[in-house]
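What follows is the content of input07.tsv, which has TSV, C-alpha atoms and all ligand atoms:
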```tsv
chain	number	residue	atom	x	y	z
A	1	MET	CA	122.58	108.10	12.82
A	2	ILE	CA	120.45	107.96	9.66
A	3	THR	CA	120.57	110.72	7.05
A	4	LYS	CA	117.91	113.43	7.35
A	5	ILE	CA	116.37	112.99	3.93
A	6	ILE	CA	112.85	114.34	4.56
A	7	ARG	CA	112.96	118.10	4.12
A	8	GLU	CA	113.22	119.99	7.38
A	9	GLU	CA	110.39	122.45	6.69
A	10	GLN	CA	108.03	119.53	6.09
A	11	ILE	CA	109.10	117.90	9.34
A	12	GLN	CA	108.64	121.11	11.33
A	13	LYS	CA	105.19	121.83	9.89
A	14	ALA	CA	103.97	118.29	10.52
A	15	LYS	CA	105.55	118.32	13.99
A	16	LYS	CA	103.45	121.36	14.89
A	17	TYR	CA	100.32	119.50	13.83
A	18	VAL	CA	101.39	116.57	16.01
A	19	GLU	CA	102.03	118.82	19.00
A	20	LYS	CA	98.86	120.88	18.70
A	21	GLY	CA	96.39	118.34	17.33
A	22	GLU	CA	93.92	116.52	19.55
A	23	ARG	CA	91.91	114.40	17.15
A	24	PHE	CA	93.92	112.38	14.64
A	25	VAL	CA	92.81	110.16	11.80
A	26	ILE	CA	95.22	108.07	9.73
A	27	VAL	CA	93.90	106.90	6.36
A	28	SER	CA	95.36	104.61	3.73
A	29	HIS	CA	94.58	103.04	0.36
A	30	VAL	CA	91.93	100.55	-0.76
A	31	SER	CA	92.82	96.87	-0.28
A	32	PRO	CA	95.34	97.77	2.43
A	33	ASP	CA	98.60	95.84	2.22
A	34	GLY	CA	101.40	95.36	4.75
A	35	ASP	CA	102.87	98.78	4.11
A	36	ALA	CA	99.52	100.59	4.30
A	37	LEU	CA	98.58	98.87	7.58
A	38	GLY	CA	102.11	98.88	8.98
A	39	SER	CA	102.70	102.58	8.41
A	40	SER	CA	99.23	103.51	9.68
A	41	LEU	CA	99.50	101.40	12.83
A	42	GLY	CA	103.14	102.41	13.37
A	43	LEU	CA	102.12	106.06	13.42
A	44	TYR	CA	99.07	105.20	15.55
A	45	HIS	CA	101.22	103.62	18.27
A	46	PHE	CA	103.63	106.54	18.16
A	47	LEU	CA	100.82	109.07	18.63
A	48	ASN	CA	99.41	106.99	21.50
A	49	GLU	CA	102.81	106.87	23.14
A	50	TYR	CA	103.08	110.64	22.70
A	51	GLY	CA	99.92	110.88	24.82
A	52	LYS	CA	97.31	111.53	22.15
A	53	GLU	CA	94.07	109.89	23.20
A	54	GLN	CA	91.96	110.29	20.09
A	55	VAL	CA	93.77	108.54	17.28
A	56	TYR	CA	91.97	106.40	14.70
A	57	VAL	CA	93.14	104.39	11.73
A	58	VAL	CA	90.54	104.29	8.93
A	59	VAL	CA	90.88	102.10	5.84
A	60	PRO	CA	88.50	101.88	2.87
A	61	ASN	CA	87.87	98.12	3.00
A	62	GLN	CA	88.87	94.80	4.54
A	63	PHE	CA	92.51	93.71	4.71
A	64	PRO	CA	93.91	90.15	4.41
A	65	SER	CA	93.60	87.92	7.46
A	66	PHE	CA	97.36	87.38	7.71
A	67	TYR	CA	97.65	90.92	9.05
A	68	LYS	CA	95.15	90.33	11.87
A	69	TRP	CA	97.94	89.67	14.38
A	70	MET	CA	99.31	93.20	14.09
A	71	PRO	CA	99.21	95.21	17.32
A	72	GLY	CA	96.31	97.66	17.25
A	73	VAL	CA	94.65	96.09	14.23
A	74	LYS	CA	91.41	95.46	16.13
A	75	GLU	CA	90.96	99.21	16.47
A	76	VAL	CA	91.14	99.81	12.71
A	77	VAL	CA	87.87	101.27	11.40
A	78	ILE	CA	86.79	99.81	8.05
A	79	HIS	CA	84.85	102.41	6.09
A	80	GLU	CA	82.96	99.82	4.03
A	81	LYS	CA	81.55	98.34	7.27
A	82	TYR	CA	80.98	101.53	9.25
A	83	PRO	CA	80.74	104.38	6.73
A	84	GLU	CA	78.97	106.87	8.99
A	85	PHE	CA	81.28	106.39	11.95
A	86	ALA	CA	84.39	106.56	9.73
A	87	GLU	CA	83.19	109.73	8.00
A	88	LYS	CA	82.32	111.39	11.33
A	89	LEU	CA	85.84	110.72	12.63
A	90	ILE	CA	87.34	112.19	9.46
A	91	GLN	CA	85.09	115.22	9.54
A	92	GLU	CA	86.00	115.96	13.17
A	93	ALA	CA	89.75	115.33	12.92
A	94	ASP	CA	92.21	118.21	13.43
A	95	VAL	CA	94.90	116.28	11.59
A	96	ILE	CA	94.56	113.61	8.88
A	97	PHE	CA	97.61	111.58	7.91
A	98	CYS	CA	97.38	110.12	4.40
A	99	LEU	CA	99.74	107.17	4.19
A	100	ASP	CA	101.02	105.02	1.31
A	101	PHE	CA	99.02	106.61	-1.52
A	102	ASN	CA	99.54	109.57	-3.83
A	103	GLU	CA	96.07	110.56	-5.00
A	104	PRO	CA	92.57	110.56	-3.47
A	105	GLN	CA	91.17	107.97	-5.93
A	106	ARG	CA	93.37	105.36	-4.23
A	107	MET	CA	91.05	105.64	-1.20
A	108	ASP	CA	88.10	104.59	-3.35
A	109	LYS	CA	84.77	105.46	-1.63
A	110	LEU	CA	86.59	107.07	1.28
A	111	ALA	CA	88.07	109.78	-0.97
A	112	PRO	CA	85.34	112.47	-0.86
A	113	ALA	CA	85.16	112.45	2.96
A	114	VAL	CA	88.92	112.97	3.24
A	115	VAL	CA	89.24	115.57	0.50
A	116	GLU	CA	86.37	117.64	1.90
A	117	ALA	CA	87.35	117.33	5.58
A	118	PRO	CA	88.47	120.60	7.25
A	119	GLY	CA	91.43	119.08	9.17
A	120	ARG	CA	95.09	119.61	8.24
A	121	LYS	CA	96.36	116.87	5.96
A	122	VAL	CA	99.81	115.34	5.84
A	123	MET	CA	100.80	112.92	3.09
A	124	ILE	CA	103.60	110.46	3.78
A	125	ASP	CA	104.13	108.36	0.66
A	126	HIS	CA	106.62	106.81	-1.74
A	127	HIS	CA	104.67	106.75	-5.03
A	128	LEU	CA	105.42	109.00	-8.00
A	129	ASN	CA	103.39	112.07	-8.91
A	130	PRO	CA	101.61	113.10	-5.69
A	131	ALA	CA	98.31	114.96	-6.09
A	132	GLN	CA	98.16	118.27	-4.23
A	133	PHE	CA	95.46	117.90	-1.59
A	134	CYS	CA	97.51	118.04	1.63
A	135	GLN	CA	99.08	120.92	3.58
A	136	VAL	CA	102.24	118.85	3.90
A	137	THR	CA	103.20	116.48	1.07
A	138	MET	CA	106.10	114.24	2.00
A	139	SER	CA	106.48	112.34	-1.25
A	140	TYR	CA	109.75	110.41	-1.59
A	141	PRO	CA	109.68	107.65	-4.24
A	142	GLU	CA	113.29	106.79	-3.42
A	143	PHE	CA	112.16	105.03	-0.23
A	144	SER	CA	111.13	101.42	-0.60
A	145	SER	CA	108.23	101.67	1.84
A	146	THR	CA	106.01	104.19	3.60
A	147	CYS	CA	106.90	102.38	6.82
A	148	GLU	CA	110.52	103.43	6.39
A	149	MET	CA	109.29	107.01	5.93
A	150	VAL	CA	107.23	106.86	9.14
A	151	PHE	CA	110.33	105.69	11.00
A	152	ARG	CA	112.33	108.56	9.52
A	153	PHE	CA	109.54	111.06	10.23
A	154	ILE	CA	109.49	110.09	13.92
A	155	CYS	CA	113.31	110.20	14.13
A	156	GLN	CA	113.62	113.53	12.36
A	157	MET	CA	111.09	115.04	14.78
A	158	GLY	CA	113.53	113.98	17.51
A	159	MET	CA	111.05	111.54	19.03
A	160	PHE	CA	112.76	108.19	18.50
A	161	ASN	CA	112.30	107.48	22.22
A	162	LEU	CA	108.50	107.45	21.65
A	163	LEU	CA	108.76	104.66	19.11
A	164	ASN	CA	107.70	101.61	21.12
A	165	LYS	CA	107.88	97.90	20.37
A	166	GLN	CA	104.36	97.81	18.93
A	167	ALA	CA	105.16	100.63	16.51
A	168	ALA	CA	108.41	98.88	15.62
A	169	GLU	CA	106.59	95.63	14.79
A	170	CYS	CA	104.17	97.45	12.50
A	171	ILE	CA	106.93	99.44	10.79
A	172	TYR	CA	109.03	96.34	10.20
A	173	THR	CA	106.05	94.54	8.66
A	174	GLY	CA	105.62	97.11	5.88
A	175	MET	CA	109.34	97.41	5.23
A	176	MET	CA	109.39	93.64	4.79
A	177	THR	CA	106.26	93.24	2.64
A	178	ASP	CA	107.01	96.15	0.26
A	179	THR	CA	110.43	94.69	-0.55
A	180	GLY	CA	109.39	91.03	-0.85
A	181	ALA	CA	111.25	90.33	2.42
A	182	PHE	CA	114.21	92.39	1.22
A	183	THR	CA	114.56	90.74	-2.18
A	184	TYR	CA	113.83	93.85	-4.29
A	185	ASN	CA	114.12	97.64	-3.82
A	186	SER	CA	116.28	96.81	-0.87
A	187	ASN	CA	119.86	97.79	-1.67
A	188	LYS	CA	119.97	101.03	0.32
A	189	PRO	CA	122.28	100.44	3.30
A	190	GLU	CA	120.23	102.59	5.69
A	191	ILE	CA	117.32	100.14	5.49
A	192	TYR	CA	119.47	97.78	7.55
A	193	LEU	CA	120.42	100.46	10.04
A	194	ILE	CA	116.71	101.04	10.60
A	195	ILE	CA	116.05	97.31	10.99
A	196	SER	CA	118.83	97.17	13.53
A	197	GLU	CA	117.11	99.92	15.53
A	198	LEU	CA	113.77	98.11	15.29
A	199	ILE	CA	115.34	94.92	16.61
A	200	LYS	CA	116.75	96.90	19.52
A	201	LYS	CA	113.16	97.97	20.26
A	202	GLY	CA	112.41	94.29	20.84
A	203	ILE	CA	110.85	93.00	17.62
A	204	ASP	CA	111.27	89.40	16.51
A	205	LYS	CA	111.75	89.82	12.75
A	206	ASP	CA	111.74	86.09	12.03
A	207	ALA	CA	108.44	85.65	13.85
A	208	ILE	CA	106.93	88.54	11.87
A	209	TYR	CA	107.97	86.85	8.62
A	210	ARG	CA	106.25	83.64	9.70
A	211	LYS	CA	103.11	85.43	10.88
A	212	VAL	CA	102.68	87.08	7.47
A	213	ASN	CA	103.90	84.33	5.15
A	214	GLN	CA	103.20	80.98	6.75
A	215	VAL	CA	99.58	81.21	7.77
A	216	HIS	CA	97.83	80.42	4.54
A	217	THR	CA	94.93	78.03	3.96
A	218	GLU	CA	94.97	74.77	2.07
A	219	SER	CA	92.65	76.24	-0.55
A	220	ARG	CA	95.03	79.15	-1.24
A	221	LEU	CA	97.87	76.71	-1.93
A	222	ARG	CA	95.63	74.62	-4.21
A	223	LEU	CA	94.52	77.77	-6.02
A	224	MET	CA	98.18	78.66	-6.53
A	225	GLY	CA	98.84	75.21	-7.99
A	226	TYR	CA	95.83	75.53	-10.28
A	227	VAL	CA	96.93	78.98	-11.49
A	228	LEU	CA	100.43	77.77	-12.31
A	229	TYR	CA	99.28	74.58	-14.01
A	230	GLU	CA	96.22	75.77	-15.91
A	231	LYS	CA	96.11	79.56	-16.01
A	232	MET	CA	99.59	80.83	-16.81
A	233	LYS	CA	100.33	81.82	-20.40
A	234	LEU	CA	103.85	82.62	-21.56
A	235	TYR	CA	104.84	85.03	-24.33
A	236	PRO	CA	108.49	84.01	-24.80
A	237	GLU	CA	109.25	86.45	-27.60
A	238	LYS	CA	108.07	89.27	-25.31
A	239	GLN	CA	109.68	87.83	-22.16
A	240	ALA	CA	106.24	88.15	-20.59
A	241	ALA	CA	103.64	86.05	-18.80
A	242	LEU	CA	99.95	86.41	-18.05
A	243	ILE	CA	97.83	84.80	-15.35
A	244	THR	CA	94.06	85.14	-15.09
A	245	LEU	CA	91.35	84.09	-12.65
A	246	THR	CA	87.57	84.30	-13.03
A	247	GLN	CA	85.02	84.80	-10.26
A	248	GLU	CA	83.86	81.22	-10.79
A	249	GLU	CA	87.39	79.90	-10.25
A	250	LEU	CA	87.89	82.06	-7.15
A	251	LYS	CA	84.63	80.70	-5.70
A	252	ARG	CA	85.66	77.14	-6.47
A	253	PHE	CA	88.77	77.64	-4.30
A	254	HIS	CA	86.88	79.44	-1.48
A	255	TYR	CA	88.67	82.74	-2.18
A	256	GLN	CA	89.28	85.07	0.77
A	257	PRO	CA	90.82	88.56	0.46
A	258	GLY	CA	94.59	88.20	0.28
A	259	ASP	CA	94.53	84.65	-1.12
A	260	THR	CA	96.04	85.70	-4.44
A	261	GLU	CA	98.67	87.97	-2.89
A	262	GLY	CA	102.08	87.20	-4.39
A	263	PHE	CA	100.73	85.11	-7.29
A	264	VAL	CA	101.79	87.79	-9.78
A	265	ASN	CA	105.43	87.30	-8.75
A	266	LEU	CA	105.50	83.56	-9.40
A	267	PRO	CA	106.13	83.61	-13.18
A	268	LEU	CA	109.10	85.94	-12.63
A	269	SER	CA	110.98	82.91	-11.30
A	270	ILE	CA	111.04	81.48	-14.85
A	271	GLN	CA	114.33	82.31	-16.55
A	272	GLY	CA	113.79	84.98	-19.18
A	273	VAL	CA	110.43	86.25	-17.88
A	274	GLN	CA	110.72	89.94	-17.10
A	275	PHE	CA	107.13	91.14	-17.08
A	276	VAL	CA	103.99	89.56	-15.58
A	277	VAL	CA	100.39	90.68	-15.57
A	278	PHE	CA	97.72	89.11	-13.37
A	279	LEU	CA	94.08	89.77	-14.27
A	280	ARG	CA	91.55	88.87	-11.58
A	281	GLU	CA	87.82	89.17	-12.07
A	282	ASP	CA	86.42	91.07	-9.07
A	283	ARG	CA	82.74	91.79	-8.50
A	284	ASP	CA	82.47	94.94	-10.60
A	285	TYR	CA	85.80	95.28	-12.43
A	286	ILE	CA	88.96	93.44	-13.42
A	287	LYS	CA	91.77	93.97	-10.91
A	288	VAL	CA	95.13	94.23	-12.65
A	289	SER	CA	98.51	93.59	-10.99
A	290	LEU	CA	101.78	94.08	-12.84
A	291	ARG	CA	105.33	93.14	-11.88
A	292	SER	CA	108.66	93.32	-13.66
A	293	VAL	CA	112.36	92.90	-13.10
A	294	GLY	CA	114.96	95.27	-14.49
A	295	ASP	CA	114.10	98.24	-16.65
A	296	PHE	CA	110.62	97.34	-17.85
A	297	PRO	CA	108.33	100.10	-16.49
A	298	CYS	CA	105.13	98.39	-15.31
A	299	ASN	CA	103.74	101.71	-14.12
A	300	GLU	CA	103.83	103.12	-17.66
A	301	PHE	CA	102.19	99.98	-19.03
A	302	ALA	CA	99.54	100.21	-16.27
A	303	GLY	CA	98.99	103.88	-17.09
A	304	CYS	CA	98.68	103.26	-20.84
A	305	TYR	CA	96.31	100.29	-20.78
A	306	PHE	CA	94.78	99.80	-17.34
A	307	ASN	CA	94.08	103.23	-15.90
A	308	GLY	CA	96.61	102.63	-13.15
A	309	GLY	CA	100.15	103.29	-12.01
A	310	GLY	CA	102.51	102.55	-9.16
A	311	HIS	CA	106.21	101.76	-9.05
A	312	LYS	CA	108.47	100.82	-11.95
A	313	ASN	CA	108.60	97.15	-10.94
A	314	ALA	CA	105.25	96.82	-9.12
A	315	SER	CA	102.08	98.46	-10.31
A	316	GLY	CA	98.35	98.04	-10.42
A	317	GLY	CA	95.29	99.19	-12.22
A	318	GLU	CA	91.81	98.15	-13.20
A	319	CYS	CA	89.74	97.47	-16.26
A	320	THR	CA	86.00	97.64	-16.84
A	321	GLY	CA	84.56	95.11	-19.27
A	322	THR	CA	85.03	91.37	-19.39
A	323	LEU	CA	88.08	89.32	-18.54
A	324	GLN	CA	88.45	88.35	-22.21
A	325	GLU	CA	88.51	92.02	-23.15
A	326	ALA	CA	91.19	92.68	-20.53
A	327	VAL	CA	93.26	89.84	-21.98
A	328	GLN	CA	92.94	91.45	-25.43
A	329	VAL	CA	94.01	94.82	-24.03
A	330	PHE	CA	97.05	93.15	-22.49
A	331	GLU	CA	98.00	91.28	-25.68
A	332	GLN	CA	97.60	94.37	-27.85
A	333	GLY	CA	99.58	96.33	-25.29
A	334	LEU	CA	102.40	93.79	-25.50
A	335	GLU	CA	102.53	94.33	-29.27
A	336	THR	CA	102.47	98.12	-29.24
A	337	PHE	CA	104.09	99.20	-25.95
A	338	LYS	CA	107.46	100.90	-26.35
A	339	TYR	CA	109.70	102.09	-23.56
B	1	LIG	P1	99.10	95.38	-6.23
B	1	LIG	O1	99.37	94.65	-7.49
B	1	LIG	O2	99.83	94.78	-5.07
B	1	LIG	O3	97.67	95.65	-5.99
B	1	LIG	O4	99.72	96.83	-6.43
B	1	LIG	C1	101.08	97.04	-6.58
B	1	LIG	C2	101.36	98.51	-6.52
B	1	LIG	O5	100.74	99.15	-7.61
B	1	LIG	C3	100.79	99.19	-5.28
B	1	LIG	O6	101.76	99.29	-4.29
B	1	LIG	C4	100.41	100.54	-5.76
B	1	LIG	O7	101.55	101.36	-5.74
B	1	LIG	C5	100.11	100.37	-7.22
B	1	LIG	N1	98.69	100.27	-7.57
B	1	LIG	C6	97.86	99.22	-7.38
B	1	LIG	N2	96.64	99.47	-7.88
B	1	LIG	C7	96.69	100.71	-8.42
B	1	LIG	C8	95.74	101.55	-9.09
B	1	LIG	O8	94.58	101.19	-9.33
B	1	LIG	N3	96.18	102.77	-9.48
B	1	LIG	C9	97.45	103.20	-9.25
B	1	LIG	N4	97.80	104.43	-9.66
B	1	LIG	N5	98.36	102.44	-8.62
B	1	LIG	C10	98.00	101.22	-8.21
B	2	MN	MN	103.93	101.05	-0.02
```

Take the structure in the file and write it out as structure tokens.
Ligand code: 5GP
Ligand code: MN
Amino acid sequence: MITKIIREEQIQKAKKYVEKGERFVIVSHVSPDGDALGSSLGLYHFLNEYGKEQVYVVVPNQFPSFYKWMPGVKEVVIHEKYPEFAEKLIQEADVIFCLDFNEPQRMDKLAPAVVEAPGRKVMIDHHLNPAQFCQVTMSYPEFSSTCEMVFRFICQMGMFNLLNKQAAECIYTGMMTDTGAFTYNSNKPEIYLIISELIKKGIDKDAIYRKVNQVHTESRLRLMGYVLYEKMKLYPEKQAALITLTQEELKRFHYQPGDTEGFVNLPLSIQGVQFVVFLREDRDYIKVSLRSVGDFPCNEFAGCYFNGGGHKNASGGECTGTLQEAVQVFEQGLETFKY
């Protein structure tokens, strides 16, 4: 069926951990997105179906409300809310799966507990430059989502029959969100073979799209209008755009986590714009999101100026200091950055 791309020795080593392990914890990155939650919950349902009774998903902090429909999401342990419980689970786990991130810092305050835990660690991820802190490091940037990797991992272990409808729904969600509903990073034919298998497991892909994308609040839509009308600056000679939001503005529009998701993509719909940066004032730092089309490497820009990284066309980072300072860093970066 699908090509066996994940290296066989990695599959066999991880398969042993699956067979022998009793206590499993699945962790993912801070501000979990559809791929982080989808891959974690997909693997969670698989392990449950396998017969494992002690399986926990732990994430560093809260996720957007439009993922609250996902099967199993109520069981997700949020470290920020229950730090002691989360750390106890991690400390006692035989096996820790690290999904959708390449280095411990991406787990934020959860990082020390995971790095120091005695359990075997397995990374399944599609970001560049994986840090070496796991016994098995499945790092394949050529895949467009970690969810796709979890599907392949289960198949390559020969356990496709244990992938149930709930797992399929979670896996589809991350494949969809990490490709903008199959509008970027989505030209590999096997993606569609996998989707076909997921549909055979009983998922309703159209309903999943609606559950993620058509459940927003009035204030999010008004915030989007405000951003586009008042807060978007174009740099035509650089084929770039910037959007910014302050804490005060977020409060004015009753900001909830996830409300600004996708905003960074909006200016890319303007003809000629190839690079967009979104600077959002969070409580203790400036959150930076970067997107591009074509060859412009956002991850290098994020690495140079915003202490971040990610994929070529979708990256993130952060900035200490004020929003004005972050704007200056961006504008100076636009002048000096060469690729
Ligand atoms: P977003 O803009 O959606 O937060 O992030 C887009 C992508 O950039 C993520 O999928 C992740 O790969 C990467 N990313 C986001 N924030 C950071 C960060 O602080 N550091 C690094 N290295 N990558 C990030
Ligand atoms: Mn991902």

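Closest to Arg120 (chain A) among A:Thr137, A:Thr320, A:Thr217, A:Asn102 is A:Thr137, based on all atoms listed in the file.
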
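Residues in contact with Tyr209 (chain A) at up to 12 Å, not including ones fewer than 2 positions away on its chain and judged by all atoms listed in the file, are Gly34, Phe66, Tyr67, Trp69, Glu169, Cys170, Tyr172, Thr173, Gly174, Met175, Met176, Thr177, Gly180, Ala181, Phe182, Ile203, Asp204, Lys205, Asp206, Ala207, Lys211, Val212, Asn213, Gln214 and Val215 of chain A.
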
With C-alpha atoms retained, write the just-selected residues as a PDB file, keeping the file's coordinate frame.
```pdb
ATOM      1  CA  GLY A  34     101.400  95.360   4.750  1.00  0.00           C
ATOM      2  CA  PHE A  66      97.360  87.380   7.710  1.00  0.00           C
ATOM      3  CA  TYR A  67      97.650  90.920   9.050  1.00  0.00           C
ATOM      4  CA  TRP A  69      97.940  89.670  14.380  1.00  0.00           C
ATOM      5  CA  GLU A 169     106.590  95.630  14.790  1.00  0.00           C
ATOM      6  CA  CYS A 170     104.170  97.450  12.500  1.00  0.00           C
ATOM      7  CA  TYR A 172     109.030  96.340  10.200  1.00  0.00           C
ATOM      8  CA  THR A 173     106.050  94.540   8.660  1.00  0.00           C
ATOM      9  CA  GLY A 174     105.620  97.110   5.880  1.00  0.00           C
ATOM     10  CA  MET A 175     109.340  97.410   5.230  1.00  0.00           C
ATOM     11  CA  MET A 176     109.390  93.640   4.790  1.00  0.00           C
ATOM     12  CA  THR A 177     106.260  93.240   2.640  1.00  0.00           C
ATOM     13  CA  GLY A 180     109.390  91.030  -0.850  1.00  0.00           C
ATOM     14  CA  ALA A 181     111.250  90.330   2.420  1.00  0.00           C
ATOM     15  CA  PHE A 182     114.210  92.390   1.220  1.00  0.00           C
ATOM     16  CA  ILE A 203     110.850  93.000  17.620  1.00  0.00           C
ATOM     17  CA  ASP A 204     111.270  89.400  16.510  1.00  0.00           C
ATOM     18  CA  LYS A 205     111.750  89.820  12.750  1.00  0.00           C
ATOM     19  CA  ASP A 206     111.740  86.090  12.030  1.00  0.00           C
ATOM     20  CA  ALA A 207     108.440  85.650  13.850  1.00  0.00           C
ATOM     21  CA  LYS A 211     103.110  85.430  10.880  1.00  0.00           C
ATOM     22  CA  VAL A 212     102.680  87.080   7.470  1.00  0.00           C
ATOM     23  CA  ASN A 213     103.900  84.330   5.150  1.00  0.00           C
ATOM     24  CA  GLN A 214     103.200  80.980   6.750  1.00  0.00           C
ATOM     25  CA  VAL A 215      99.580  81.210   7.770  1.00  0.00           C
TER      26      VAL A 215
END
```

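Nearest-residue note for Ile26 (chain A): choosing from A:Glu331, A:Glu75, A:Asp284, A:Asp108, the minimum distance belongs to A:Glu75, counting all atoms listed in the file.
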
message: For ligand LIG 1 (chain B), return the neighbouring residues as a PyMOL selection string (distance at most 10 Å; all atoms listed in the file).
response: chain A and resi 29-36+100-103+105-108+125-129+145+178+258+260-265+277-279+287-291+298-299+302-303+306-319

Deliver the residues from the most recent selection as a file, using C-alpha atoms, as an mmCIF file, in the coordinates of the input.
```
data_model
loop_
_atom_site.group_PDB
_atom_site.id
_atom_site.type_symbol
_atom_site.label_atom_id
_atom_site.label_comp_id
_atom_site.auth_asym_id
_atom_site.auth_seq_id
_atom_site.Cartn_x
_atom_site.Cartn_y
_atom_site.Cartn_z
ATOM 1 C CA HIS A 29 94.580 103.040 0.360
ATOM 2 C CA VAL A 30 91.930 100.550 -0.760
ATOM 3 C CA SER A 31 92.820 96.870 -0.280
ATOM 4 C CA PRO A 32 95.340 97.770 2.430
ATOM 5 C CA ASP A 33 98.600 95.840 2.220
ATOM 6 C CA GLY A 34 101.400 95.360 4.750
ATOM 7 C CA ASP A 35 102.870 98.780 4.110
ATOM 8 C CA ALA A 36 99.520 100.590 4.300
ATOM 9 C CA ASP A 100 101.020 105.020 1.310
ATOM 10 C CA PHE A 101 99.020 106.610 -1.520
ATOM 11 C CA ASN A 102 99.540 109.570 -3.830
ATOM 12 C CA GLU A 103 96.070 110.560 -5.000
ATOM 13 C CA GLN A 105 91.170 107.970 -5.930
ATOM 14 C CA ARG A 106 93.370 105.360 -4.230
ATOM 15 C CA MET A 107 91.050 105.640 -1.200
ATOM 16 C CA ASP A 108 88.100 104.590 -3.350
ATOM 17 C CA ASP A 125 104.130 108.360 0.660
ATOM 18 C CA HIS A 126 106.620 106.810 -1.740
ATOM 19 C CA HIS A 127 104.670 106.750 -5.030
ATOM 20 C CA LEU A 128 105.420 109.000 -8.000
ATOM 21 C CA ASN A 129 103.390 112.070 -8.910
ATOM 22 C CA SER A 145 108.230 101.670 1.840
ATOM 23 C CA ASP A 178 107.010 96.150 0.260
ATOM 24 C CA GLY A 258 94.590 88.200 0.280
ATOM 25 C CA THR A 260 96.040 85.700 -4.440
ATOM 26 C CA GLU A 261 98.670 87.970 -2.890
ATOM 27 C CA GLY A 262 102.080 87.200 -4.390
ATOM 28 C CA PHE A 263 100.730 85.110 -7.290
ATOM 29 C CA VAL A 264 101.790 87.790 -9.780
ATOM 30 C CA ASN A 265 105.430 87.300 -8.750
ATOM 31 C CA VAL A 277 100.390 90.680 -15.570
ATOM 32 C CA PHE A 278 97.720 89.110 -13.370
ATOM 33 C CA LEU A 279 94.080 89.770 -14.270
ATOM 34 C CA LYS A 287 91.770 93.970 -10.910
ATOM 35 C CA VAL A 288 95.130 94.230 -12.650
ATOM 36 C CA SER A 289 98.510 93.590 -10.990
ATOM 37 C CA LEU A 290 101.780 94.080 -12.840
ATOM 38 C CA ARG A 291 105.330 93.140 -11.880
ATOM 39 C CA CYS A 298 105.130 98.390 -15.310
ATOM 40 C CA ASN A 299 103.740 101.710 -14.120
ATOM 41 C CA ALA A 302 99.540 100.210 -16.270
ATOM 42 C CA GLY A 303 98.990 103.880 -17.090
ATOM 43 C CA PHE A 306 94.780 99.800 -17.340
ATOM 44 C CA ASN A 307 94.080 103.230 -15.900
ATOM 45 C CA GLY A 308 96.610 102.630 -13.150
ATOM 46 C CA GLY A 309 100.150 103.290 -12.010
ATOM 47 C CA GLY A 310 102.510 102.550 -9.160
ATOM 48 C CA HIS A 311 106.210 101.760 -9.050
ATOM 49 C CA LYS A 312 108.470 100.820 -11.950
ATOM 50 C CA ASN A 313 108.600 97.150 -10.940
ATOM 51 C CA ALA A 314 105.250 96.820 -9.120
ATOM 52 C CA SER A 315 102.080 98.460 -10.310
ATOM 53 C CA GLY A 316 98.350 98.040 -10.420
ATOM 54 C CA GLY A 317 95.290 99.190 -12.220
ATOM 55 C CA GLU A 318 91.810 98.150 -13.200
ATOM 56 C CA CYS A 319 89.740 97.470 -16.260
#
```

**Prompt:** In file coordinates, which residues lie within 12 Å of (91.2, 118.6, 10.7) using all atoms listed in the file, given as a PyMOL selection string?
**Reply:** chain A and resi 17-18+20-26+88-97+113-122+134-135

Keeping C-alpha atoms, export the residues of the selection given above as an mmCIF file, keeping the file's coordinate frame.
```cif
data_model
loop_
_atom_site.group_PDB
_atom_site.id
_atom_site.type_symbol
_atom_site.label_atom_id
_atom_site.label_comp_id
_atom_site.auth_asym_id
_atom_site.auth_seq_id
_atom_site.Cartn_x
_atom_site.Cartn_y
_atom_site.Cartn_z
ATOM 1 C CA TYR A 17 100.320 119.500 13.830
ATOM 2 C CA VAL A 18 101.390 116.570 16.010
ATOM 3 C CA LYS A 20 98.860 120.880 18.700
ATOM 4 C CA GLY A 21 96.390 118.340 17.330
ATOM 5 C CA GLU A 22 93.920 116.520 19.550
ATOM 6 C CA ARG A 23 91.910 114.400 17.150
ATOM 7 C CA PHE A 24 93.920 112.380 14.640
ATOM 8 C CA VAL A 25 92.810 110.160 11.800
ATOM 9 C CA ILE A 26 95.220 108.070 9.730
ATOM 10 C CA LYS A 88 82.320 111.390 11.330
ATOM 11 C CA LEU A 89 85.840 110.720 12.630
ATOM 12 C CA ILE A 90 87.340 112.190 9.460
ATOM 13 C CA GLN A 91 85.090 115.220 9.540
ATOM 14 C CA GLU A 92 86.000 115.960 13.170
ATOM 15 C CA ALA A 93 89.750 115.330 12.920
ATOM 16 C CA ASP A 94 92.210 118.210 13.430
ATOM 17 C CA VAL A 95 94.900 116.280 11.590
ATOM 18 C CA ILE A 96 94.560 113.610 8.880
ATOM 19 C CA PHE A 97 97.610 111.580 7.910
ATOM 20 C CA ALA A 113 85.160 112.450 2.960
ATOM 21 C CA VAL A 114 88.920 112.970 3.240
ATOM 22 C CA VAL A 115 89.240 115.570 0.500
ATOM 23 C CA GLU A 116 86.370 117.640 1.900
ATOM 24 C CA ALA A 117 87.350 117.330 5.580
ATOM 25 C CA PRO A 118 88.470 120.600 7.250
ATOM 26 C CA GLY A 119 91.430 119.080 9.170
ATOM 27 C CA ARG A 120 95.090 119.610 8.240
ATOM 28 C CA LYS A 121 96.360 116.870 5.960
ATOM 29 C CA VAL A 122 99.810 115.340 5.840
ATOM 30 C CA CYS A 134 97.510 118.040 1.630
ATOM 31 C CA GLN A 135 99.080 120.920 3.580
#
```

What separates CA of Glu49 (chain A) and atom MN of ligand MN 2 (chain B) is a distance of 23.9 Å
